[in-house]
Amino acid sequence: MALVAGRAVAGRAGDEQARAVLRSVFGFHAFRGPQADIISHVLDGGDALVLMPTGGGKSLCYQIPALVRAGVAVVVSPLIALMRDQVESLRQLGVRAAYLNSTVDWREADQIERAVEAGSLDLLYVAPERLVTPRCLDLFDRSRLALFALDEAHCVSQWGHDFRPEYLQLSFLHERYPHVPRLALTATADHRTRADIIRQLRLERARVFITSFDRPNITYRVTVKDNPRQQLLTFLRDRHPRAAGIIYCMSRNKVDDTAAWLTGQGREALPYHAGLPAAIRQSHQDRFLRADGLVMVATIAFGMGIDKPDVRFVAHLDLPKSLEAYYQETGRAGRDGAPADAWMAYGMADVVLVRQLLDASAAPDAHKHAERAKLEALLGYCETPRCRRQTLLGYFGETLAEPCGNCDTCLERVDMWDASVAAQMALAAVYRTGERFGAGHLIDVLRGEAGEKVLRCGHDRIKTFGVGAERSKREWQGIYRQLIALGLVSVDSETHGFRLTDAAIPVMKGQQPLLLRRDPQADTSRALGGARRSRSTDPTTAPASAAPMAGAAATLFESLRAVRADLAKEQGVPAYVIFHDTTLKEMAVKRPADRAAFAGLTGVGSSKLERYADIFLTAIRRLEGA
Ligand code: ADP
Ligand code: ZN
């Protein structure tokens, strides 16, 4: 594209060029968050460490300097599987990009190397193990380099979740190429990893850019389990009848069963877990990335490097391992900034499991203490009557001043009720039956249901028998679930019987009042898509409804999706490489009538205008006339 070949630009002129590239190449109208500052800093030759959540817009921070600065920008990324799609996305924008990794044959590699040397490439993606080879370094020595971008920089940290030893070797870059700016980018923000990145990559003099880890376009919901499969199906039908999403389950069996069941219900779903042969896993992953609107049912084995931007929902049918894991997993939704859902169903069995883990880790050492704190925080998140986003960000040390208006507890007010008397009954039932029974039996006793087991144990003769008949089974389950979550009741790891903890005593004796949350009705269709208070007016981040569009725009959107699907198939690229959902939705709402209007859409730069304006304008006209 040779936008500004041969010129090194900094200062104000550089900032202006950056803005021009943002508009003409990417078709975006404004920088997001700290993008402008980061780009300006790099154009001035500075190093930077960029900590931004998934979907925050990290790529632009090196792609724009790559186009403005002279020479080729080298992007180091551990995710070989993604390089092809990243490069394809850039080529669609008219950017001269290529990648070098083990999947490229020598003939092609030779060509790419010559292009690097000749200065006719803007961006080169390389795997870290490739970069450190003498051949590659020789090439760089002979070439003009615009910058190094070290993506997924947390891979350098042994503390992190995906340590790559090859990353440690990247520390020499600053010695060998002292005048080439380096950007390290990651979505992992914890302090230990951050310090590690700085030390290992010798970024002591880099400027650190940290943004909020909030993902405003994600709607968080936690639903109390009551026939979870049906709840899932209702959620899918109401909110995501056609969109792509991930459903996480704990076990391989549950993954297989859920995928088969959903497919049987008419919703195509693919399983993914470590027990499947590698070839099947690969093929399912490819289909998920490329096809439009597939559902992936998976264990946590699925996730690393899934940067499909149009995942519209992440659902949990089991509790994640921790809030860190939950944030990572739900973070795979809505990378494109369009509305997305994080939906979780949890219930008694999940809470019982966590409580058992907690009690099993009762040893006083520091590691176990940290483990316990994590599990407590997870239960706290599930049971909170407060804004979920405030709770989640608070856990990561970030303060959100106002409730978000885009989570279930904000959208549907949570009632708290004085449960002191009910809790006394529930705890007394545990006590008087000898601390050996689980919820089912205890609730029978409370409700005065003299079944075979109750009679056999003589529990129809104890004082608590029948005292709670006026409450439904579901209500009592909600009460026990919360008593466990709050740590008033523990669960024996062998007998699974409920036991009282010290914290239960004052409540049971009526010395301490207890407020519990009133579980909403299990009907998931209720209140979904209800009125929302939106915090933001930025159309790219506004938490508008993730529910399908309505009316004529919806019909047009579906038709435009079909046009996009044909184009993607023709070119053998994922649909989002042609246009993101955000652009397609804007198109369906604004119905541009000519090229000028089309050029005004977010995500339409000059290259995409040339390639696609006529095709989509014709489609819109045809459908208007129909
Ligand atoms: P990250 O790498 O931080 O996860 P990406 O760089 O993939 O995020 O960007 C996420 C999405 O946001 C992409 O769809 C990208 O096109 C879009 N995006 C980034 N910056 C802007 C911007 N300034 N205006 C509009 N969209 C943007
Ligand atoms: Zn909220």
# chains A, B, ... in the order shown; residues from 1 in each chain; ligands from 1
>>> select_by_dssp(residues="range 146-348 of chain A", states="helix (DSSP H, G or I)", output="PyMOL selection string")
chain A and resi 153-156+165-176+191-200+228-239+252-264+278-290+323-330+348
>>> residues_near_ligand(ligand="ligand 2", cutoff="10 Å", atoms="only C-alpha atoms and all ligand atoms", output="PyMOL selection string")
chain A and resi 216+219-221+385-392+400+402-412
>>> write_last_selection(atoms="C-alpha atoms", output="PDB file, in the first residue's frame")
ATOM      1  CA  PRO A 216     -19.051  -3.048  29.042  1.00  0.00           C
ATOM      2  CA  THR A 219     -24.219  -8.659  29.943  1.00  0.00           C
ATOM      3  CA  TYR A 220     -23.550 -10.834  32.999  1.00  0.00           C
ATOM      4  CA  ARG A 221     -26.263 -13.175  34.220  1.00  0.00           C
ATOM      5  CA  PRO A 385     -27.445  -9.042  45.364  1.00  0.00           C
ATOM      6  CA  ARG A 386     -25.124  -6.248  44.156  1.00  0.00           C
ATOM      7  CA  CYS A 387     -24.144  -5.365  40.621  1.00  0.00           C
ATOM      8  CA  ARG A 388     -22.239  -8.346  39.184  1.00  0.00           C
ATOM      9  CA  ARG A 389     -19.818  -6.138  37.302  1.00  0.00           C
ATOM     10  CA  GLN A 390     -18.959  -4.164  40.433  1.00  0.00           C
ATOM     11  CA  THR A 391     -18.376  -7.444  42.241  1.00  0.00           C
ATOM     12  CA  LEU A 392     -16.250  -8.892  39.457  1.00  0.00           C
ATOM     13  CA  LEU A 400     -16.710   0.848  39.345  1.00  0.00           C
ATOM     14  CA  GLU A 402     -21.991   3.125  39.740  1.00  0.00           C
ATOM     15  CA  PRO A 403     -23.922  -0.119  39.276  1.00  0.00           C
ATOM     16  CA  CYS A 404     -23.509  -1.060  35.634  1.00  0.00           C
ATOM     17  CA  GLY A 405     -27.101  -1.327  34.431  1.00  0.00           C
ATOM     18  CA  ASN A 406     -26.108  -4.267  32.257  1.00  0.00           C
ATOM     19  CA  CYS A 407     -26.164  -7.340  34.494  1.00  0.00           C
ATOM     20  CA  ASP A 408     -29.034  -9.391  35.889  1.00  0.00           C
ATOM     21  CA  THR A 409     -28.928  -7.833  39.340  1.00  0.00           C
ATOM     22  CA  CYS A 410     -29.025  -4.334  37.829  1.00  0.00           C
ATOM     23  CA  LEU A 411     -31.714  -5.153  35.273  1.00  0.00           C
ATOM     24  CA  GLU A 412     -33.982  -7.102  37.597  1.00  0.00           C
TER      25      GLU A 412
END
>>> closest_residue(among="A:Ile39, A:Cys136, A:Val604, A:Leu393", to="Tyr327 in chain A", atoms="only C-alpha atoms")
A:Leu393
>>> residues_around(residues="Ile80 in chain A", least_positions_apart="5", cutoff="9 Å", atoms="only C-alpha atoms", output="JSON, numbers by chain")
{"A": [101, 102, 103, 126, 127]}
>>> select_by_dssp(residues="range 81-257 of chain A", states="strand (DSSP E)", output="short mmCIF file (atom, residue, chain, number, x, y, z; two decimals) with N, CA and C atoms, in the first residue's frame")
data_model
loop_
_atom_site.label_atom_id
_atom_site.label_comp_id
_atom_site.auth_asym_id
_atom_site.auth_seq_id
_atom_site.Cartn_x
_atom_site.Cartn_y
_atom_site.Cartn_z
N ALA A 97 0.58 -7.64 4.32
CA ALA A 97 0.94 -8.43 5.50
C ALA A 97 1.24 -9.87 5.10
N ALA A 98 2.09 -10.52 5.89
CA ALA A 98 2.43 -11.93 5.64
C ALA A 98 2.81 -12.57 6.96
N TYR A 99 2.91 -13.89 6.96
CA TYR A 99 3.37 -14.57 8.17
C TYR A 99 4.40 -15.63 7.84
N LEU A 100 5.30 -15.85 8.79
CA LEU A 100 6.32 -16.88 8.67
C LEU A 100 6.17 -17.83 9.85
N LEU A 123 3.56 -5.48 7.52
CA LEU A 123 3.56 -6.28 8.75
C LEU A 123 3.98 -7.72 8.46
N LEU A 124 4.83 -8.23 9.34
CA LEU A 124 5.23 -9.63 9.25
C LEU A 124 4.94 -10.30 10.59
N TYR A 125 4.11 -11.34 10.57
CA TYR A 125 3.84 -12.12 11.79
C TYR A 125 4.81 -13.29 11.84
N VAL A 126 5.45 -13.47 13.00
CA VAL A 126 6.34 -14.62 13.15
C VAL A 126 6.10 -15.32 14.47
N LEU A 145 13.36 -2.06 10.04
CA LEU A 145 12.28 -2.52 10.92
C LEU A 145 11.53 -1.33 11.52
N ALA A 146 10.21 -1.39 11.47
CA ALA A 146 9.39 -0.30 12.00
C ALA A 146 9.21 -0.43 13.50
N LEU A 147 8.99 -1.67 13.96
CA LEU A 147 8.78 -1.92 15.39
C LEU A 147 8.67 -3.42 15.64
N PHE A 148 8.78 -3.80 16.90
CA PHE A 148 8.45 -5.16 17.31
C PHE A 148 7.19 -5.11 18.16
N ALA A 149 6.21 -5.93 17.84
CA ALA A 149 5.03 -6.07 18.70
C ALA A 149 5.07 -7.48 19.28
N LEU A 150 5.11 -7.58 20.60
CA LEU A 150 5.15 -8.88 21.26
C LEU A 150 3.76 -9.14 21.82
N ARG A 182 9.64 -1.26 20.89
CA ARG A 182 9.00 -2.54 21.20
C ARG A 182 7.71 -2.30 21.97
N LEU A 183 6.67 -3.04 21.57
CA LEU A 183 5.39 -2.98 22.29
C LEU A 183 5.08 -4.38 22.79
N ALA A 184 4.88 -4.51 24.08
CA ALA A 184 4.43 -5.80 24.61
C ALA A 184 2.95 -5.64 24.95
N LEU A 185 2.13 -6.60 24.52
CA LEU A 185 0.68 -6.46 24.73
C LEU A 185 0.11 -7.71 25.39
N THR A 186 -0.78 -7.51 26.34
CA THR A 186 -1.43 -8.66 26.98
C THR A 186 -2.76 -8.27 27.60
N ARG A 207 6.87 2.74 28.63
CA ARG A 207 5.73 3.35 29.29
C ARG A 207 4.63 2.30 29.43
N VAL A 208 3.99 2.29 30.60
CA VAL A 208 2.96 1.28 30.84
C VAL A 208 1.58 1.90 30.64
N PHE A 209 0.78 1.29 29.81
CA PHE A 209 -0.58 1.77 29.57
C PHE A 209 -1.56 0.74 30.11
N ILE A 210 -2.33 1.12 31.11
CA ILE A 210 -3.30 0.19 31.69
C ILE A 210 -4.70 0.75 31.48
N ILE A 218 -20.52 -6.81 27.59
CA ILE A 218 -20.96 -8.13 28.05
C ILE A 218 -22.02 -7.98 29.13
N THR A 219 -23.16 -8.63 28.94
CA THR A 219 -24.22 -8.66 29.94
C THR A 219 -24.01 -9.90 30.81
N TYR A 220 -23.77 -9.69 32.10
CA TYR A 220 -23.55 -10.83 33.00
C TYR A 220 -24.86 -11.30 33.61
N ARG A 221 -25.08 -12.60 33.60
CA ARG A 221 -26.26 -13.18 34.22
C ARG A 221 -25.92 -14.47 34.94
N VAL A 222 -26.45 -14.64 36.13
CA VAL A 222 -26.31 -15.90 36.85
C VAL A 222 -27.72 -16.36 37.21
N THR A 223 -28.09 -17.54 36.74
CA THR A 223 -29.44 -18.03 36.94
C THR A 223 -29.40 -19.23 37.88
N VAL A 224 -30.37 -19.30 38.77
CA VAL A 224 -30.43 -20.46 39.66
C VAL A 224 -30.96 -21.66 38.88
N GLY A 245 -21.58 -19.27 19.78
CA GLY A 245 -21.31 -19.15 21.21
C GLY A 245 -20.62 -20.39 21.74
N ILE A 246 -20.14 -20.26 22.98
CA ILE A 246 -19.44 -21.37 23.63
C ILE A 246 -20.20 -21.76 24.89
N ILE A 247 -20.38 -23.06 25.11
CA ILE A 247 -21.01 -23.54 26.34
C ILE A 247 -19.98 -24.37 27.10
N TYR A 248 -19.63 -23.92 28.29
CA TYR A 248 -18.64 -24.65 29.07
C TYR A 248 -19.29 -25.62 30.05
#
>>> closest_atom_pairs(of="range 545-575 of chain A", to="range 289-308 of chain A", cutoff="10 Å", atoms="only C-alpha atoms", output="CSV")
residue,atom,partner,partner_atom,distance
A:Arg561,CA,A:Asp292,CA,8.7
A:Ala562,CA,A:Asp292,CA,9.6
A:Arg564,CA,A:Asp292,CA,9.8
A:Ala565,CA,A:Asp292,CA,7.5
A:Ala568,CA,A:Arg290,CA,8.7
A:Lys569,CA,A:Arg290,CA,9.2
A:Gly572,CA,A:Arg290,CA,8.8
A:Val573,CA,A:Arg290,CA,7.0
A:Pro574,CA,A:Arg290,CA,4.3
A:Ala575,CA,A:Arg290,CA,6.6
>>> write_last_selection(atoms="N, CA and C atoms", output="compact mmCIF listing (two decimals), in the first residue's frame")
# COMPACT_ATOMS: atom_id res chain seq x y z
N ARG A 561 -26.21 -11.16 6.05
CA ARG A 561 -25.37 -12.26 6.55
C ARG A 561 -25.18 -13.32 5.48
N ALA A 562 -26.26 -13.59 4.75
CA ALA A 562 -26.17 -14.61 3.71
C ALA A 562 -25.23 -14.14 2.60
N ARG A 564 -22.74 -12.11 3.01
CA ARG A 564 -21.40 -12.22 3.58
C ARG A 564 -20.92 -13.67 3.58
N ALA A 565 -21.82 -14.59 3.93
CA ALA A 565 -21.43 -16.00 3.99
C ALA A 565 -20.97 -16.48 2.61
N ALA A 568 -17.51 -15.10 1.92
CA ALA A 568 -16.51 -15.75 2.75
C ALA A 568 -16.17 -17.12 2.18
N LYS A 569 -17.20 -17.81 1.74
CA LYS A 569 -17.00 -19.15 1.21
C LYS A 569 -16.17 -19.09 -0.07
N GLY A 572 -12.69 -18.46 0.91
CA GLY A 572 -12.12 -19.36 1.89
C GLY A 572 -11.63 -18.65 3.15
N VAL A 573 -12.37 -17.65 3.61
CA VAL A 573 -11.99 -16.93 4.83
C VAL A 573 -13.18 -16.94 5.80
N PRO A 574 -12.92 -16.71 7.10
CA PRO A 574 -14.04 -16.60 8.04
C PRO A 574 -14.92 -15.41 7.69
N ALA A 575 -16.19 -15.52 8.01
CA ALA A 575 -17.14 -14.47 7.66
C ALA A 575 -16.72 -13.10 8.22
>>> residues_near_ligand(ligand="ligand 1", cutoff="7 Å", atoms="only C-alpha atoms and all ligand atoms", output="list in words")
Phe28, His29, Ala30, Phe31, Arg32, Met52, Pro53, Thr54, Gly55, Gly56, Gly57, Lys58, Ser59, Leu60, Pro309, Arg335, Asp336, Gly337, Thr540, His580 and Thr602 of chain A
>>> closest_residue(among="A:Ile280, A:Leu379, A:Val104, A:Val445", to="Met83 in chain A", atoms="only C-alpha atoms")
A:Val104
>>> closest_residue(among="A:Asp365, A:Lys585, A:Arg199, A:Gln571", to="Ala553 in chain A", atoms="only C-alpha atoms")
A:Lys585
>>> atom_distance(atom1="CA of Phe213 in chain A", atom2="CA of Ser171 in chain A")
27.1 Å
>>> residues_around(residues="range 475-490 of chain A", least_positions_apart="3", cutoff="9 Å", atoms="only C-alpha atoms", output="count of residues only")
42
>>> residues_around(residues="range 260-263 of chain A", least_positions_apart="3", cutoff="12 Å", atoms="only C-alpha atoms", output="PyMOL selection string")
chain A and resi 229-230+232-234+236-237+247+253-257+266-272+294-297
>>> write_last_selection(atoms="N, CA, C and O atoms", output="mmCIF file, in the first residue's frame")
data_model
loop_
_atom_site.group_PDB
_atom_site.id
_atom_site.type_symbol
_atom_site.label_atom_id
_atom_site.label_comp_id
_atom_site.auth_asym_id
_atom_site.auth_seq_id
_atom_site.Cartn_x
_atom_site.Cartn_y
_atom_site.Cartn_z
ATOM 1 N N ARG A 229 -30.982 -27.675 31.393
ATOM 2 C CA ARG A 229 -30.996 -27.842 29.940
ATOM 3 C C ARG A 229 -32.090 -27.002 29.303
ATOM 4 O O ARG A 229 -31.896 -26.358 28.288
ATOM 5 N N GLN A 230 -33.258 -27.044 29.948
ATOM 6 C CA GLN A 230 -34.373 -26.273 29.421
ATOM 7 C C GLN A 230 -34.070 -24.780 29.526
ATOM 8 O O GLN A 230 -34.374 -24.007 28.621
ATOM 9 N N LEU A 232 -31.161 -23.452 29.407
ATOM 10 C CA LEU A 232 -30.192 -23.153 28.350
ATOM 11 C C LEU A 232 -30.900 -22.980 27.011
ATOM 12 O O LEU A 232 -30.652 -22.030 26.270
ATOM 13 N N LEU A 233 -31.795 -23.895 26.736
ATOM 14 C CA LEU A 233 -32.510 -23.850 25.456
ATOM 15 C C LEU A 233 -33.330 -22.563 25.339
ATOM 16 O O LEU A 233 -33.345 -21.914 24.292
ATOM 17 N N THR A 234 -33.996 -22.201 26.418
ATOM 18 C CA THR A 234 -34.775 -20.955 26.417
ATOM 19 C C THR A 234 -33.857 -19.762 26.161
ATOM 20 O O THR A 234 -34.167 -18.878 25.366
ATOM 21 N N LEU A 236 -31.003 -19.764 24.603
ATOM 22 C CA LEU A 236 -30.551 -19.769 23.206
ATOM 23 C C LEU A 236 -31.658 -19.304 22.272
ATOM 24 O O LEU A 236 -31.430 -18.520 21.362
ATOM 25 N N ARG A 237 -32.859 -19.804 22.504
ATOM 26 C CA ARG A 237 -33.959 -19.447 21.607
ATOM 27 C C ARG A 237 -34.318 -17.978 21.711
ATOM 28 O O ARG A 237 -34.579 -17.318 20.720
ATOM 29 N N ILE A 247 -20.380 -23.058 25.111
ATOM 30 C CA ILE A 247 -21.011 -23.538 26.338
ATOM 31 C C ILE A 247 -19.984 -24.371 27.098
ATOM 32 O O ILE A 247 -19.489 -25.370 26.574
ATOM 33 N N ASN A 253 -17.988 -36.113 29.616
ATOM 34 C CA ASN A 253 -19.287 -36.747 29.371
ATOM 35 C C ASN A 253 -20.385 -35.713 29.200
ATOM 36 O O ASN A 253 -21.223 -35.813 28.312
ATOM 37 N N LYS A 254 -20.352 -34.736 30.069
ATOM 38 C CA LYS A 254 -21.405 -33.728 30.008
ATOM 39 C C LYS A 254 -21.305 -32.925 28.710
ATOM 40 O O LYS A 254 -22.318 -32.540 28.129
ATOM 41 N N VAL A 255 -20.073 -32.694 28.260
ATOM 42 C CA VAL A 255 -19.878 -32.002 26.976
ATOM 43 C C VAL A 255 -20.532 -32.811 25.858
ATOM 44 O O VAL A 255 -21.333 -32.290 25.072
ATOM 45 N N ASP A 256 -20.196 -34.105 25.806
ATOM 46 C CA ASP A 256 -20.755 -34.954 24.734
ATOM 47 C C ASP A 256 -22.277 -34.986 24.795
ATOM 48 O O ASP A 256 -22.956 -34.820 23.780
ATOM 49 N N ASP A 257 -22.798 -35.200 26.011
ATOM 50 C CA ASP A 257 -24.252 -35.306 26.159
ATOM 51 C C ASP A 257 -24.950 -34.011 25.766
ATOM 52 O O ASP A 257 -25.963 -34.024 25.070
ATOM 53 N N GLY A 266 -32.384 -29.426 17.487
ATOM 54 C CA GLY A 266 -32.380 -28.597 16.289
ATOM 55 C C GLY A 266 -31.360 -27.477 16.319
ATOM 56 O O GLY A 266 -31.366 -26.601 15.466
ATOM 57 N N ARG A 267 -30.462 -27.476 17.306
ATOM 58 C CA ARG A 267 -29.435 -26.449 17.358
ATOM 59 C C ARG A 267 -28.088 -27.132 17.194
ATOM 60 O O ARG A 267 -27.635 -27.845 18.093
ATOM 61 N N GLU A 268 -27.450 -26.922 16.044
ATOM 62 C CA GLU A 268 -26.212 -27.642 15.780
ATOM 63 C C GLU A 268 -25.121 -27.247 16.768
ATOM 64 O O GLU A 268 -24.779 -26.070 16.901
ATOM 65 N N ALA A 269 -24.576 -28.253 17.473
ATOM 66 C CA ALA A 269 -23.547 -27.993 18.476
ATOM 67 C C ALA A 269 -22.445 -29.032 18.352
ATOM 68 O O ALA A 269 -22.715 -30.211 18.137
ATOM 69 N N LEU A 270 -21.185 -28.576 18.473
ATOM 70 C CA LEU A 270 -20.038 -29.475 18.351
ATOM 71 C C LEU A 270 -19.387 -29.653 19.714
ATOM 72 O O LEU A 270 -19.265 -28.692 20.464
ATOM 73 N N PRO A 271 -18.958 -30.889 20.029
ATOM 74 C CA PRO A 271 -18.241 -31.090 21.298
ATOM 75 C C PRO A 271 -16.749 -30.821 21.142
ATOM 76 O O PRO A 271 -16.194 -30.970 20.056
ATOM 77 N N TYR A 272 -16.107 -30.408 22.218
ATOM 78 C CA TYR A 272 -14.655 -30.201 22.218
ATOM 79 C C TYR A 272 -14.125 -30.491 23.615
ATOM 80 O O TYR A 272 -14.514 -29.843 24.578
ATOM 81 N N LEU A 294 -22.207 -21.292 14.766
ATOM 82 C CA LEU A 294 -22.141 -22.624 15.389
ATOM 83 C C LEU A 294 -21.984 -22.503 16.906
ATOM 84 O O LEU A 294 -21.413 -21.542 17.404
ATOM 85 N N VAL A 295 -22.491 -23.517 17.618
ATOM 86 C CA VAL A 295 -22.320 -23.565 19.071
ATOM 87 C C VAL A 295 -21.246 -24.601 19.397
ATOM 88 O O VAL A 295 -21.257 -25.701 18.864
ATOM 89 N N MET A 296 -20.302 -24.224 20.250
ATOM 90 C CA MET A 296 -19.278 -25.158 20.695
ATOM 91 C C MET A 296 -19.558 -25.512 22.142
ATOM 92 O O MET A 296 -19.667 -24.624 22.993
ATOM 93 N N VAL A 297 -19.704 -26.814 22.432
ATOM 94 C CA VAL A 297 -19.852 -27.249 23.825
ATOM 95 C C VAL A 297 -18.508 -27.822 24.235
ATOM 96 O O VAL A 297 -17.984 -28.704 23.550
#
>>> residues_around(residues="Arg96 in chain A", least_positions_apart="6", cutoff="8 Å", atoms="only C-alpha atoms", output="PyMOL selection string")
chain A and resi 1+90+120-123
>>> residues_around(residues="range 448-464 of chain A", least_positions_apart="5", cutoff="8 Å", atoms="only C-alpha atoms", output="ChimeraX atom specification")
/A:425,428-429,432-433,441,469
>>> write_last_selection(atoms="N, CA, C and O atoms", output="CSV table (one decimal), in the first residue's frame")
chain,number,residue,atom,x,y,z
A,425,MET,N,-35.2,-22.6,61.3
A,425,MET,CA,-35.8,-23.9,61.0
A,425,MET,C,-34.9,-24.8,60.2
A,425,MET,O,-34.7,-25.9,60.6
A,428,ALA,N,-32.1,-25.9,62.4
A,428,ALA,CA,-32.5,-26.9,63.4
A,428,ALA,C,-32.8,-28.2,62.8
A,428,ALA,O,-32.5,-29.3,63.4
A,429,ALA,N,-33.3,-28.3,61.6
A,429,ALA,CA,-33.5,-29.6,60.9
A,429,ALA,C,-32.2,-30.3,60.7
A,429,ALA,O,-32.1,-31.5,61.0
A,432,ARG,N,-31.2,-31.5,64.4
A,432,ARG,CA,-32.0,-32.5,65.1
A,432,ARG,C,-32.0,-33.8,64.3
A,432,ARG,O,-32.4,-34.9,64.9
A,433,THR,N,-31.5,-33.8,63.1
A,433,THR,CA,-31.4,-35.1,62.4
A,433,THR,C,-30.0,-35.7,62.5
A,433,THR,O,-29.6,-36.6,61.8
A,441,HIS,N,-33.6,-34.8,52.0
A,441,HIS,CA,-34.2,-35.3,53.2
A,441,HIS,C,-34.6,-34.2,54.2
A,441,HIS,O,-35.7,-34.2,54.7
A,469,ALA,N,-43.9,-26.2,56.3
A,469,ALA,CA,-44.8,-26.7,55.3
A,469,ALA,C,-45.3,-25.6,54.3
A,469,ALA,O,-45.6,-25.9,53.1
>>> closest_residue(among="A:Gln92, A:Pro78, A:Ala10, A:Arg252", to="Phe163 in chain A", atoms="only C-alpha atoms")
A:Pro78
>>> closest_residue(among="A:Glu117, A:Glu166, A:Asp110, A:Glu624", to="Arg130 in chain A", atoms="only C-alpha atoms")
A:Glu166
>>> atom_distance(atom1="CA of Leu137 in chain A", atom2="CA of Val74 in chain A")
11.5 Å
